[in-house]
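For reference, upload-v1.pdb (PDB, C-alpha atoms, pLDDT in the B column):
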```pdb
ATOM      1  CA  MET A 134     125.096 109.694  94.260  1.00 47.00           C
ATOM      2  CA  LYS A 135     126.751 109.799  97.640  1.00 45.00           C
ATOM      3  CA  SER A 136     124.866 107.741 100.224  1.00 45.00           C
ATOM      4  CA  SER A 137     123.552 109.461 103.362  1.00 44.00           C
ATOM      5  CA  TRP A 138     123.992 106.239 105.331  1.00 44.00           C
ATOM      6  CA  PRO A 139     127.146 106.008 107.471  1.00 43.00           C
ATOM      7  CA  ARG A 140     129.751 103.544 106.241  1.00 44.00           C
ATOM      8  CA  ALA A 141     129.683 100.175 107.998  1.00 41.00           C
ATOM      9  CA  ARG A 142     132.838  99.274 109.840  1.00 40.00           C
ATOM     10  CA  ILE A 143     135.010  96.723 108.053  1.00 36.00           C
ATOM     11  CA  GLY A 144     134.595  93.272 109.503  1.00 41.00           C
ATOM     12  CA  LEU A 145     131.141  94.004 111.002  1.00 36.00           C
ATOM     13  CA  LYS A 146     127.905  92.710 109.539  1.00 38.00           C
ATOM     14  CA  ARG A 147     124.864  94.928 109.219  1.00 38.00           C
ATOM     15  CA  ARG A 148     122.297  93.582 111.674  1.00 37.00           C
ATOM     16  CA  THR A 149     119.214  94.995 109.969  1.00 35.00           C
ATOM     17  CA  PRO A 150     118.791  95.143 106.177  1.00 38.00           C
ATOM     18  CA  LEU A 151     117.982  98.531 104.697  1.00 33.00           C
ATOM     19  CA  GLN A 152     114.337  99.065 103.886  1.00 35.00           C
ATOM     20  CA  ARG A 153     113.580  99.607 100.224  1.00 36.00           C
ATOM     21  CA  LYS A 154     110.855 102.012  99.261  1.00 37.00           C
ATOM     22  CA  THR A 155     108.571 101.390  96.346  1.00 36.00           C
ATOM     23  CA  PRO A 156     108.474 104.112  93.659  1.00 36.00           C
ATOM     24  CA  ASN A 157     105.189 105.499  95.026  1.00 39.00           C
ATOM     25  CA  GLU A 158     106.300 105.661  98.647  1.00 37.00           C
ATOM     26  CA  ASP A 159     107.807 108.608 100.494  1.00 41.00           C
ATOM     27  CA  ARG A 160     109.002 108.863 104.068  1.00 47.00           C
ATOM     28  CA  HIS A 161     105.544 109.713 105.377  1.00 59.00           C
ATOM     29  CA  SER A 162     102.945 107.461 103.806  1.00 72.00           C
ATOM     30  CA  PRO A 163     102.728 105.299 100.675  1.00 87.00           C
ATOM     31  CA  ILE A 164     100.175 106.196  98.039  1.00 92.00           C
ATOM     32  CA  ARG A 165      97.259 103.921  97.222  1.00 92.00           C
ATOM     33  CA  LYS A 166      94.506 104.019  94.608  1.00 94.00           C
ATOM     34  CA  CYS A 167      90.781 103.887  95.324  1.00 95.00           C
ATOM     35  CA  ILE A 168      89.382 100.771  93.662  1.00 96.00           C
ATOM     36  CA  LEU A 169      86.109 102.590  92.879  1.00 96.00           C
ATOM     37  CA  SER A 170      87.174 106.034  91.667  1.00 94.00           C
ATOM     38  CA  GLY A 171      90.761 105.442  90.585  1.00 93.00           C
ATOM     39  CA  GLU A 172      91.802 108.530  92.559  1.00 92.00           C
ATOM     40  CA  HIS A 173      95.044 108.456  94.530  1.00 92.00           C
ATOM     41  CA  GLY A 174      95.571 109.260  98.195  1.00 91.00           C
ATOM     42  CA  GLU A 175      97.810 108.614 101.138  1.00 90.00           C
ATOM     43  CA  ARG A 176      97.377 105.149 102.585  1.00 89.00           C
ATOM     44  CA  ALA A 177      96.671 106.677 106.001  1.00 89.00           C
ATOM     45  CA  ALA A 178      93.780 108.722 104.604  1.00 89.00           C
ATOM     46  CA  LEU A 179      92.051 105.900 102.728  1.00 94.00           C
ATOM     47  CA  ILE A 180      90.018 102.994 104.091  1.00 96.00           C
ATOM     48  CA  ARG A 181      91.011  99.380 103.649  1.00 96.00           C
ATOM     49  CA  LEU A 182      88.533  96.593 102.948  1.00 96.00           C
ATOM     50  CA  ALA A 183      89.913  93.255 104.133  1.00 95.00           C
ATOM     51  CA  LEU A 184      89.225  89.976 102.366  1.00 94.00           C
ATOM     52  CA  GLY A 185      88.640  87.139 104.813  1.00 93.00           C
ATOM     53  CA  PRO A 186      89.563  83.486 104.126  1.00 92.00           C
ATOM     54  CA  ASP A 187      85.863  82.724 103.624  1.00 92.00           C
ATOM     55  CA  GLY A 188      85.516  85.450 100.992  1.00 92.00           C
ATOM     56  CA  SER A 189      83.865  87.967 103.318  1.00 94.00           C
ATOM     57  CA  VAL A 190      84.758  91.634 102.843  1.00 95.00           C
ATOM     58  CA  ALA A 191      84.681  93.918 105.894  1.00 95.00           C
ATOM     59  CA  PRO A 192      86.188  97.282 106.941  1.00 96.00           C
ATOM     60  CA  ASP A 193      89.760  97.232 108.242  1.00 96.00           C
ATOM     61  CA  LEU A 194      89.928 100.818 109.495  1.00 96.00           C
ATOM     62  CA  PHE A 195      93.413 100.571 110.981  1.00 94.00           C
ATOM     63  CA  ALA A 196      94.798  98.434 108.117  1.00 93.00           C
ATOM     64  CA  LYS A 197      96.002  95.712 110.476  1.00 94.00           C
ATOM     65  CA  ALA A 198      94.016  92.679 109.346  1.00 94.00           C
ATOM     66  CA  PRO A 199      96.065  89.888 107.740  1.00 93.00           C
ATOM     67  CA  GLY A 200      95.542  88.789 104.171  1.00 90.00           C
ATOM     68  CA  ARG A 201      94.607  90.772 101.117  1.00 92.00           C
ATOM     69  CA  GLY A 202      92.701  94.030 101.029  1.00 94.00           C
ATOM     70  CA  ALA A 203      91.414  96.769  98.732  1.00 95.00           C
ATOM     71  CA  TRP A 204      91.486 100.528  99.271  1.00 96.00           C
ATOM     72  CA  ILE A 205      88.612 102.986  98.919  1.00 96.00           C
ATOM     73  CA  GLY A 206      88.574 106.782  99.066  1.00 95.00           C
ATOM     74  CA  VAL A 207      84.960 107.587  98.195  1.00 96.00           C
ATOM     75  CA  ASP A 208      82.397 108.936 100.610  1.00 96.00           C
ATOM     76  CA  HIS A 209      79.446 107.220 102.305  1.00 97.00           C
ATOM     77  CA  ALA A 210      76.940 108.002  99.550  1.00 97.00           C
ATOM     78  CA  GLU A 211      79.185 106.822  96.697  1.00 97.00           C
ATOM     79  CA  LEU A 212      80.126 103.614  98.503  1.00 97.00           C
ATOM     80  CA  SER A 213      76.489 102.794  99.283  1.00 97.00           C
ATOM     81  CA  LYS A 214      75.539 103.379  95.659  1.00 97.00           C
ATOM     82  CA  ALA A 215      78.412 101.223  94.378  1.00 97.00           C
ATOM     83  CA  GLN A 216      77.453  98.393  96.719  1.00 96.00           C
ATOM     84  CA  ALA A 217      73.756  98.574  95.874  1.00 96.00           C
ATOM     85  CA  LYS A 218      74.417  98.455  92.119  1.00 96.00           C
ATOM     86  CA  GLY A 219      76.901  95.600  92.402  1.00 96.00           C
ATOM     87  CA  LYS A 220      79.799  97.707  91.098  1.00 96.00           C
ATOM     88  CA  LEU A 221      81.906  97.209  94.222  1.00 97.00           C
ATOM     89  CA  ALA A 222      81.436  93.434  94.234  1.00 96.00           C
ATOM     90  CA  GLY A 223      82.352  93.221  90.549  1.00 96.00           C
ATOM     91  CA  LEU A 224      85.548  95.226  90.981  1.00 95.00           C
ATOM     92  CA  LEU A 225      86.572  93.178  94.010  1.00 95.00           C
ATOM     93  CA  ARG A 226      85.987  89.881  92.172  1.00 95.00           C
ATOM     94  CA  ARG A 227      88.194  91.005  89.320  1.00 92.00           C
ATOM     95  CA  ALA A 228      90.862  92.458  91.599  1.00 90.00           C
ATOM     96  CA  PHE A 229      91.055  89.409  93.863  1.00 91.00           C
ATOM     97  CA  LYS A 230      90.505  86.995  90.947  1.00 91.00           C
ATOM     98  CA  THR A 231      87.773  85.088  92.734  1.00 91.00           C
ATOM     99  CA  ASP A 232      83.999  84.764  92.568  1.00 91.00           C
ATOM    100  CA  LYS A 233      83.878  84.071  96.295  1.00 91.00           C
ATOM    101  CA  ILE A 234      83.091  87.594  97.489  1.00 94.00           C
ATOM    102  CA  GLU A 235      80.556  88.358 100.228  1.00 95.00           C
ATOM    103  CA  ILE A 236      80.299  92.022 101.262  1.00 95.00           C
ATOM    104  CA  ILE A 237      78.735  92.656 104.660  1.00 92.00           C
ATOM    105  CA  ASP A 238      75.377  94.405 104.733  1.00 90.00           C
ATOM    106  CA  ASP A 239      75.467  98.166 105.331  1.00 93.00           C
ATOM    107  CA  LEU A 240      79.197  98.400 104.649  1.00 96.00           C
ATOM    108  CA  ALA A 241      79.117 102.208 104.517  1.00 97.00           C
ATOM    109  CA  GLY A 242      77.212 102.404 107.802  1.00 97.00           C
ATOM    110  CA  ARG A 243      79.697 100.067 109.474  1.00 97.00           C
ATOM    111  CA  ILE A 244      82.589 102.250 108.302  1.00 98.00           C
ATOM    112  CA  ASP A 245      80.841 105.430 109.440  1.00 98.00           C
ATOM    113  CA  ARG A 246      80.242 104.074 112.936  1.00 97.00           C
ATOM    114  CA  GLY A 247      83.787 102.736 113.148  1.00 98.00           C
ATOM    115  CA  LEU A 248      85.308 106.083 112.170  1.00 98.00           C
ATOM    116  CA  GLU A 249      83.088 107.873 114.690  1.00 98.00           C
ATOM    117  CA  LYS A 250      84.219 105.519 117.456  1.00 98.00           C
ATOM    118  CA  ALA A 251      87.890 105.933 116.486  1.00 97.00           C
ATOM    119  CA  PHE A 252      87.566 109.718 116.673  1.00 98.00           C
ATOM    120  CA  LEU A 253      85.727 109.748 120.005  1.00 98.00           C
ATOM    121  CA  ASP A 254      88.129 107.202 121.511  1.00 98.00           C
ATOM    122  CA  ARG A 255      91.086 109.357 120.443  1.00 98.00           C
ATOM    123  CA  LEU A 256      89.457 112.450 121.938  1.00 98.00           C
ATOM    124  CA  GLY A 257      88.887 110.586 125.213  1.00 97.00           C
ATOM    125  CA  LEU A 258      92.548 109.541 125.358  1.00 98.00           C
ATOM    126  CA  GLU A 259      93.692 113.122 124.841  1.00 98.00           C
ATOM    127  CA  ALA A 260      91.324 114.302 127.565  1.00 97.00           C
ATOM    128  CA  ARG A 261      92.778 111.812 130.042  1.00 97.00           C
ATOM    129  CA  ALA A 262      96.273 112.959 129.056  1.00 97.00           C
ATOM    130  CA  GLY A 263      95.359 116.562 129.876  1.00 97.00           C
ATOM    131  CA  HIS A 264      95.717 117.811 126.303  1.00 98.00           C
ATOM    132  CA  LEU A 265      92.346 119.533 126.024  1.00 97.00           C
ATOM    133  CA  ILE A 266      90.187 121.963 127.932  1.00 97.00           C
ATOM    134  CA  LEU A 267      86.440 122.402 128.274  1.00 97.00           C
ATOM    135  CA  GLY A 268      84.195 125.217 129.417  1.00 96.00           C
ATOM    136  CA  ALA A 269      83.465 128.483 127.624  1.00 97.00           C
ATOM    137  CA  GLU A 270      85.491 130.772 129.899  1.00 97.00           C
ATOM    138  CA  LYS A 271      88.543 128.492 130.022  1.00 98.00           C
ATOM    139  CA  ILE A 272      88.514 128.013 126.263  1.00 98.00           C
ATOM    140  CA  ASP A 273      88.160 131.749 125.591  1.00 98.00           C
ATOM    141  CA  THR A 274      91.037 132.567 127.949  1.00 98.00           C
ATOM    142  CA  ALA A 275      93.295 129.933 126.395  1.00 98.00           C
ATOM    143  CA  SER A 276      92.277 131.014 122.890  1.00 98.00           C
ATOM    144  CA  ARG A 277      93.080 134.692 123.449  1.00 97.00           C
ATOM    145  CA  SER A 278      96.491 133.768 124.811  1.00 97.00           C
ATOM    146  CA  GLY A 279      97.283 131.721 121.692  1.00 97.00           C
ATOM    147  CA  GLN A 280      97.270 128.307 123.379  1.00 98.00           C
ATOM    148  CA  VAL A 281      94.516 126.624 121.352  1.00 98.00           C
ATOM    149  CA  ARG A 282      95.655 124.431 118.475  1.00 98.00           C
ATOM    150  CA  LEU A 283      92.276 122.966 117.469  1.00 98.00           C
ATOM    151  CA  LEU A 284      88.739 124.079 118.315  1.00 98.00           C
ATOM    152  CA  LEU A 285      85.713 121.788 118.072  1.00 98.00           C
ATOM    153  CA  HIS A 286      81.979 122.420 118.526  1.00 98.00           C
ATOM    154  CA  ALA A 287      79.203 119.897 119.171  1.00 98.00           C
ATOM    155  CA  SER A 288      76.544 119.672 116.459  1.00 97.00           C
ATOM    156  CA  ASP A 289      73.936 121.156 118.809  1.00 97.00           C
ATOM    157  CA  ALA A 290      76.121 124.043 120.015  1.00 98.00           C
ATOM    158  CA  SER A 291      74.391 127.395 119.620  1.00 97.00           C
ATOM    159  CA  ALA A 292      75.553 129.697 116.832  1.00 97.00           C
ATOM    160  CA  ASP A 293      76.114 132.450 119.398  1.00 98.00           C
ATOM    161  CA  GLY A 294      78.298 130.270 121.649  1.00 98.00           C
ATOM    162  CA  SER A 295      80.325 128.897 118.759  1.00 98.00           C
ATOM    163  CA  GLY A 296      80.756 132.395 117.349  1.00 97.00           C
ATOM    164  CA  LYS A 297      82.169 133.708 120.632  1.00 97.00           C
ATOM    165  CA  ARG A 298      84.639 130.810 120.911  1.00 98.00           C
ATOM    166  CA  ASP A 299      85.675 131.338 117.282  1.00 98.00           C
ATOM    167  CA  GLN A 300      86.217 135.048 117.814  1.00 97.00           C
ATOM    168  CA  ALA A 301      88.414 134.474 120.855  1.00 98.00           C
ATOM    169  CA  TRP A 302      90.463 131.959 118.853  1.00 97.00           C
ATOM    170  CA  ARG A 303      90.950 134.427 115.993  1.00 97.00           C
ATOM    171  CA  VAL A 304      92.182 137.059 118.448  1.00 97.00           C
ATOM    172  CA  GLY A 305      94.800 134.683 119.849  1.00 97.00           C
ATOM    173  CA  GLU A 306      95.860 133.592 116.366  1.00 96.00           C
ATOM    174  CA  ASP A 307      96.057 137.199 115.142  1.00 95.00           C
ATOM    175  CA  ALA A 308      93.567 136.194 112.465  1.00 94.00           C
ATOM    176  CA  GLU A 309      90.745 138.670 113.016  1.00 92.00           C
ATOM    177  CA  GLY A 310      88.690 139.166 109.883  1.00 92.00           C
ATOM    178  CA  SER A 311      89.893 135.880 108.401  1.00 95.00           C
ATOM    179  CA  GLY A 312      86.716 133.944 109.131  1.00 92.00           C
ATOM    180  CA  LYS A 313      88.747 131.224 110.825  1.00 95.00           C
ATOM    181  CA  SER A 314      86.495 129.057 112.948  1.00 96.00           C
ATOM    182  CA  GLY A 315      86.311 125.813 114.845  1.00 97.00           C
ATOM    183  CA  ILE A 316      84.950 122.612 113.335  1.00 97.00           C
ATOM    184  CA  LYS A 317      81.307 121.721 113.889  1.00 97.00           C
ATOM    185  CA  LEU A 318      81.271 118.010 114.668  1.00 97.00           C
ATOM    186  CA  PRO A 319      78.732 115.445 113.410  1.00 96.00           C
ATOM    187  CA  VAL A 320      78.029 114.469 117.062  1.00 97.00           C
ATOM    188  CA  ASP A 321      76.040 116.263 119.744  1.00 98.00           C
ATOM    189  CA  ARG A 322      77.013 117.290 123.271  1.00 98.00           C
ATOM    190  CA  ASP A 323      75.737 114.043 124.778  1.00 97.00           C
ATOM    191  CA  SER A 324      78.098 111.958 122.638  1.00 97.00           C
ATOM    192  CA  LEU A 325      80.995 114.311 123.375  1.00 97.00           C
ATOM    193  CA  SER A 326      80.263 114.253 127.099  1.00 97.00           C
ATOM    194  CA  ALA A 327      80.154 110.452 127.143  1.00 97.00           C
ATOM    195  CA  ALA A 328      83.467 110.194 125.270  1.00 97.00           C
ATOM    196  CA  LEU A 329      85.195 112.692 127.552  1.00 97.00           C
ATOM    197  CA  GLY A 330      83.646 111.540 130.816  1.00 94.00           C
ATOM    198  CA  ARG A 331      82.393 115.072 131.490  1.00 93.00           C
ATOM    199  CA  GLN A 332      79.024 116.764 131.688  1.00 93.00           C
ATOM    200  CA  ASN A 333      77.700 119.171 129.061  1.00 94.00           C
ATOM    201  CA  ALA A 334      80.769 119.144 126.805  1.00 97.00           C
ATOM    202  CA  VAL A 335      79.724 121.566 124.060  1.00 98.00           C
ATOM    203  CA  HIS A 336      83.055 123.052 122.973  1.00 98.00           C
ATOM    204  CA  VAL A 337      86.473 121.358 123.044  1.00 98.00           C
ATOM    205  CA  ALA A 338      89.865 123.001 122.664  1.00 98.00           C
ATOM    206  CA  LEU A 339      93.083 121.053 122.056  1.00 98.00           C
ATOM    207  CA  ILE A 340      96.102 122.842 123.536  1.00 98.00           C
ATOM    208  CA  ASP A 341      98.847 120.456 122.419  1.00 98.00           C
ATOM    209  CA  GLN A 342      99.870 120.434 118.743  1.00 97.00           C
ATOM    210  CA  LYS A 343     100.714 116.740 118.522  1.00 98.00           C
ATOM    211  CA  ALA A 344      97.447 115.865 120.256  1.00 98.00           C
ATOM    212  CA  ALA A 345      95.571 118.130 117.837  1.00 98.00           C
ATOM    213  CA  ASP A 346      97.257 116.375 114.899  1.00 97.00           C
ATOM    214  CA  ARG A 347      96.270 112.951 116.240  1.00 97.00           C
ATOM    215  CA  VAL A 348      92.672 114.019 116.752  1.00 98.00           C
ATOM    216  CA  MET A 349      92.537 115.704 113.359  1.00 97.00           C
ATOM    217  CA  HIS A 350      93.791 112.551 111.652  1.00 96.00           C
ATOM    218  CA  HIS A 351      90.791 110.566 112.889  1.00 97.00           C
ATOM    219  CA  LEU A 352      88.345 113.437 112.469  1.00 97.00           C
ATOM    220  CA  GLY A 353      89.591 114.172 108.959  1.00 95.00           C
ATOM    221  CA  ARG A 354      89.070 110.565 107.828  1.00 95.00           C
ATOM    222  CA  TRP A 355      85.556 110.586 109.280  1.00 96.00           C
ATOM    223  CA  LEU A 356      84.563 113.949 107.789  1.00 96.00           C
ATOM    224  CA  ASN A 357      85.946 112.956 104.401  1.00 94.00           C
ATOM    225  CA  PHE A 358      83.909 109.759 104.448  1.00 96.00           C
ATOM    226  CA  LYS A 359      80.780 111.653 105.461  1.00 95.00           C
ATOM    227  CA  GLY A 360      81.365 114.060 102.570  1.00 92.00           C
ATOM    228  CA  CYS A 361      81.417 117.098 104.870  1.00 83.00           C
ATOM    229  CA  SER A 362      82.362 120.432 103.319  1.00 60.00           C
ATOM    230  CA  LYS A 363      84.800 121.167 106.157  1.00 60.00           C
ATOM    231  CA  ALA A 364      86.782 117.983 105.637  1.00 60.00           C
ATOM    232  CA  PRO A 365      90.522 118.604 105.220  1.00 59.00           C
ATOM    233  CA  LEU A 366      92.055 118.448 101.771  1.00 47.00           C
ATOM    234  CA  ASP A 367      93.801 115.254 100.717  1.00 45.00           C
ATOM    235  CA  SER A 368      97.454 115.517 101.697  1.00 38.00           C
ATOM    236  CA  ALA A 369      98.565 112.982  99.113  1.00 36.00           C
ATOM    237  CA  SER A 370     100.964 113.766  96.285  1.00 34.00           C
ATOM    238  CA  ASP A 371      99.711 115.983  93.504  1.00 38.00           C
ATOM    239  CA  ALA A 372      97.214 114.082  91.345  1.00 35.00           C
ATOM    240  CA  SER A 373      98.994 114.934  88.125  1.00 35.00           C
ATOM    241  CA  ASP A 374     102.252 113.496  89.444  1.00 44.00           C
ATOM    242  CA  ALA A 375     100.441 110.386  90.642  1.00 42.00           C
ATOM    243  CA  ARG A 376      98.839 109.762  87.249  1.00 40.00           C
ATOM    244  CA  GLY A 377     102.257 109.728  85.668  1.00 42.00           C
ATOM    245  CA  ARG A 378     103.238 106.688  87.708  1.00 45.00           C
ATOM    246  CA  ASP A 379      99.833 105.031  87.798  1.00 51.00           C
ATOM    247  CA  THR A 380     101.259 101.579  87.191  1.00 48.00           C
ATOM    248  CA  ASP A 381     103.195 101.835  90.458  1.00 60.00           C
ATOM    249  CA  ILE A 382     100.120 102.655  92.521  1.00 71.00           C
ATOM    250  CA  SER A 383      97.953  99.825  93.746  1.00 71.00           C
ATOM    251  CA  ALA A 384      94.360  99.556  94.901  1.00 75.00           C
ATOM    252  CA  ILE A 385      95.059  96.061  96.275  1.00 75.00           C
ATOM    253  CA  ASP A 386      97.585  94.746  98.770  1.00 76.00           C
TER     254      ASP A 386
END
```
Write-out of the structure in structure tokens:
Amino acid sequence: MKSSWPRARIGLKRRTPLQRKTPNEDRHSPIRKCILSGEHGERAALIRLALGPDGSVAPDLFAKAPGRGAWIGVDHAELSKAQAKGKLAGLLRRAFKTDKIEIIDDLAGRIDRGLEKAFLDRLGLEARAGHLILGAEKIDTASRSGQVRLLLHASDASADGSGKRDQAWRVGEDAEGSGKSGIKLPVDRDSLSAALGRQNAVHVALIDQKAADRVMHHLGRWLNFKGCSKAPLDSASDASDARGRDTDISAID
């Protein structure tokens, strides 16, 4: 096979060695396996549990903690059940080959709150960068002109208000009759307002695609963990393909 890398000049040394990808890794995100369910998913979509030097196990939401860790892809309810029944501790002891495992109390609650904070922090950053708009009239105008990339509603937004924003968005997207709608968030207007530094933030519209993708990454992880019906589908490789190379996919790193 002909290499896509340019030939190195004779007499010159390559300064940086080529990175080698593992069999389960593509250019976007490596695949990991949930230690509880055995299901596969993109590393970026799963949640890492870090093992501390003292045997403590705690969430590592951004997968930056040193040392060993295990990956989970189940929701809040399943994780709580697995912890309460001792299943999680047993799997971690076998995986890490140690009896010195101490899982923090309310692990699922800690993850939930951490994912909420990550989402709201990201939304606040995009607001300060000027990538979103607030206010019913401004959102409707931007929606009808096709500028809105992502539409969000507070949990306590009225059905009538959300419906009007959704309709304006469908008009701009040429998707009338499709049922396309914004995402109802698991936080109310007070939490949104605090995160954005604004008053009475009920509806939020992202008008920059890259900003919308960044926000949706954090929101998608949170909604998936909460088990919400509007959570995005897993963007990992097809499950049947993944099963065929199961030995290459790890739940531990």
**Item:** Residue IDs satisfying the PyMOL selection byres ((chain A and resi 301) around 12), as a ChimeraX atom specification
**Value:** /A:269-281,284,294-300,302-310,312-315,338
**Asked** On this structure, which residues satisfy the PyMOL selection byres ((chain A and resi 244-254) around 8), written as a PyMOL selection string?
**Response** chain A and resi 192+194+209+240-243+255-258+325+328+348+351-352+354-355+358-359
**Message:** Evaluated on this file, the PyMOL selection byres ((chain A and resi 217-230) around 10) picks out some residues - which ones are they, written as a PyMOL selection string?
**Reply:** chain A and resi 168-169+182+184+188+190+201-203+211-216+231-236+238-239+384-386
May I have the residues from that selection written out with C-alpha atoms, as a CSV table (one decimal), in the frame of the given file?
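Result went into again-v3.csv, see below:
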```
chain,number,residue,atom,x,y,z
A,168,ILE,CA,89.4,100.8,93.7
A,169,LEU,CA,86.1,102.6,92.9
A,182,LEU,CA,88.5,96.6,102.9
A,184,LEU,CA,89.2,90.0,102.4
A,188,GLY,CA,85.5,85.4,101.0
A,190,VAL,CA,84.8,91.6,102.8
A,201,ARG,CA,94.6,90.8,101.1
A,202,GLY,CA,92.7,94.0,101.0
A,203,ALA,CA,91.4,96.8,98.7
A,211,GLU,CA,79.2,106.8,96.7
A,212,LEU,CA,80.1,103.6,98.5
A,213,SER,CA,76.5,102.8,99.3
A,214,LYS,CA,75.5,103.4,95.7
A,215,ALA,CA,78.4,101.2,94.4
A,216,GLN,CA,77.5,98.4,96.7
A,231,THR,CA,87.8,85.1,92.7
A,232,ASP,CA,84.0,84.8,92.6
A,233,LYS,CA,83.9,84.1,96.3
A,234,ILE,CA,83.1,87.6,97.5
A,235,GLU,CA,80.6,88.4,100.2
A,236,ILE,CA,80.3,92.0,101.3
A,238,ASP,CA,75.4,94.4,104.7
A,239,ASP,CA,75.5,98.2,105.3
A,384,ALA,CA,94.4,99.6,94.9
A,385,ILE,CA,95.1,96.1,96.3
A,386,ASP,CA,97.6,94.7,98.8
```
**Asked** Suppose you want the space between CA of Asp208 (chain A) and CA of Ala178 (chain A); what is it in Å?
**Response**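 Straight-line distance from CA of Asp208 (chain A) to CA of Ala178 (chain A) works out to 12.1 Å.
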**Separation of CA of Lys343 (chain A) from CA of Glu175 (chain A) in Å** = 19.4 Å
**Protein, DNA and RNA residues within 8 Å of (95.0, 105.3, 98.2), only C-alpha atoms, as a list in words** =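 Residues lying no farther than 8 Å from the given point: Ile164, Arg165, Lys166, Cys167, Glu172, His173, Gly174, Glu175, Arg176, Ala178, Leu179, Trp204, Ile205, Gly206, Ser383 and Ala384 of chain A.
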**Prompt:** Can you list, as a ChimeraX atom specification, every protein, DNA or RNA residue that comes within 6 Å of Ala287 (chain A) when you count all atoms listed in the file, leaving out same-chain residues fewer than 6 positions away?
**Reply:** /A:317-318,320-322,335
**Prompt:** CA of Ile340 (chain A) and CA of Ile266 (chain A), how far apart in Å?
**Reply:**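 Result for CA of Ile266 (chain A) versus CA of Ile340 (chain A): 7.4 Å, one decimal.
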**Prompt:** Using only C-alpha atoms, which of A:Ile316, A:Arg282, A:Ser189, A:Pro163 sits nearest Ile382 (chain A)?
**Reply:**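 Among the listed residues, A:Pro163 lies closest to Ile382 (chain A).
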Once you've located region 251-262 of chain A in the structure I gave, write it as a PDB file, in the first residue's frame, keeping N, CA, C and O atoms.
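selection08.pdb written:
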```
ATOM      1  N   ALA A 251     -20.424  20.953  33.859  1.00  0.00           N
ATOM      2  CA  ALA A 251     -19.653  21.025  32.620  1.00  0.00           C
ATOM      3  C   ALA A 251     -20.491  21.626  31.496  1.00  0.00           C
ATOM      4  O   ALA A 251     -20.002  22.457  30.710  1.00  0.00           O
ATOM      5  N   PHE A 252     -21.756  21.217  31.424  1.00  0.00           N
ATOM      6  CA  PHE A 252     -22.651  21.764  30.399  1.00  0.00           C
ATOM      7  C   PHE A 252     -22.904  23.250  30.606  1.00  0.00           C
ATOM      8  O   PHE A 252     -22.782  24.059  29.675  1.00  0.00           O
ATOM      9  N   LEU A 253     -23.249  23.640  31.836  1.00  0.00           N
ATOM     10  CA  LEU A 253     -23.553  25.043  32.106  1.00  0.00           C
ATOM     11  C   LEU A 253     -22.309  25.929  31.941  1.00  0.00           C
ATOM     12  O   LEU A 253     -22.408  27.058  31.447  1.00  0.00           O
ATOM     13  N   ASP A 254     -21.163  25.420  32.332  1.00  0.00           N
ATOM     14  CA  ASP A 254     -19.917  26.184  32.141  1.00  0.00           C
ATOM     15  C   ASP A 254     -19.651  26.407  30.655  1.00  0.00           C
ATOM     16  O   ASP A 254     -19.249  27.496  30.240  1.00  0.00           O
ATOM     17  N   ARG A 255     -19.868  25.353  29.847  1.00  0.00           N
ATOM     18  CA  ARG A 255     -19.658  25.477  28.404  1.00  0.00           C
ATOM     19  C   ARG A 255     -20.616  26.491  27.803  1.00  0.00           C
ATOM     20  O   ARG A 255     -20.243  27.313  26.950  1.00  0.00           O
ATOM     21  N   LEU A 256     -21.867  26.462  28.250  1.00  0.00           N
ATOM     22  CA  LEU A 256     -22.876  27.393  27.750  1.00  0.00           C
ATOM     23  C   LEU A 256     -22.482  28.828  28.107  1.00  0.00           C
ATOM     24  O   LEU A 256     -22.628  29.746  27.293  1.00  0.00           O
ATOM     25  N   GLY A 257     -21.977  29.024  29.328  1.00  0.00           N
ATOM     26  CA  GLY A 257     -21.538  30.352  29.746  1.00  0.00           C
ATOM     27  C   GLY A 257     -20.385  30.860  28.904  1.00  0.00           C
ATOM     28  O   GLY A 257     -20.339  32.048  28.542  1.00  0.00           O
ATOM     29  N   LEU A 258     -19.447  29.996  28.562  1.00  0.00           N
ATOM     30  CA  LEU A 258     -18.317  30.382  27.712  1.00  0.00           C
ATOM     31  C   LEU A 258     -18.793  30.807  26.328  1.00  0.00           C
ATOM     32  O   LEU A 258     -18.307  31.796  25.766  1.00  0.00           O
ATOM     33  N   GLU A 259     -19.760  30.069  25.779  1.00  0.00           N
ATOM     34  CA  GLU A 259     -20.261  30.409  24.452  1.00  0.00           C
ATOM     35  C   GLU A 259     -21.048  31.719  24.482  1.00  0.00           C
ATOM     36  O   GLU A 259     -21.027  32.485  23.515  1.00  0.00           O
ATOM     37  N   ALA A 260     -21.712  31.982  25.605  1.00  0.00           N
ATOM     38  CA  ALA A 260     -22.427  33.251  25.736  1.00  0.00           C
ATOM     39  C   ALA A 260     -21.450  34.417  25.734  1.00  0.00           C
ATOM     40  O   ALA A 260     -21.675  35.434  25.062  1.00  0.00           O
ATOM     41  N   ARG A 261     -20.361  34.270  26.481  1.00  0.00           N
ATOM     42  CA  ARG A 261     -19.364  35.351  26.545  1.00  0.00           C
ATOM     43  C   ARG A 261     -18.647  35.539  25.201  1.00  0.00           C
ATOM     44  O   ARG A 261     -18.162  36.630  24.905  1.00  0.00           O
ATOM     45  N   ALA A 262     -18.628  34.490  24.396  1.00  0.00           N
ATOM     46  CA  ALA A 262     -17.992  34.582  23.077  1.00  0.00           C
ATOM     47  C   ALA A 262     -18.956  35.118  22.018  1.00  0.00           C
ATOM     48  O   ALA A 262     -18.563  35.305  20.862  1.00  0.00           O
TER      49      ALA A 262
END
```
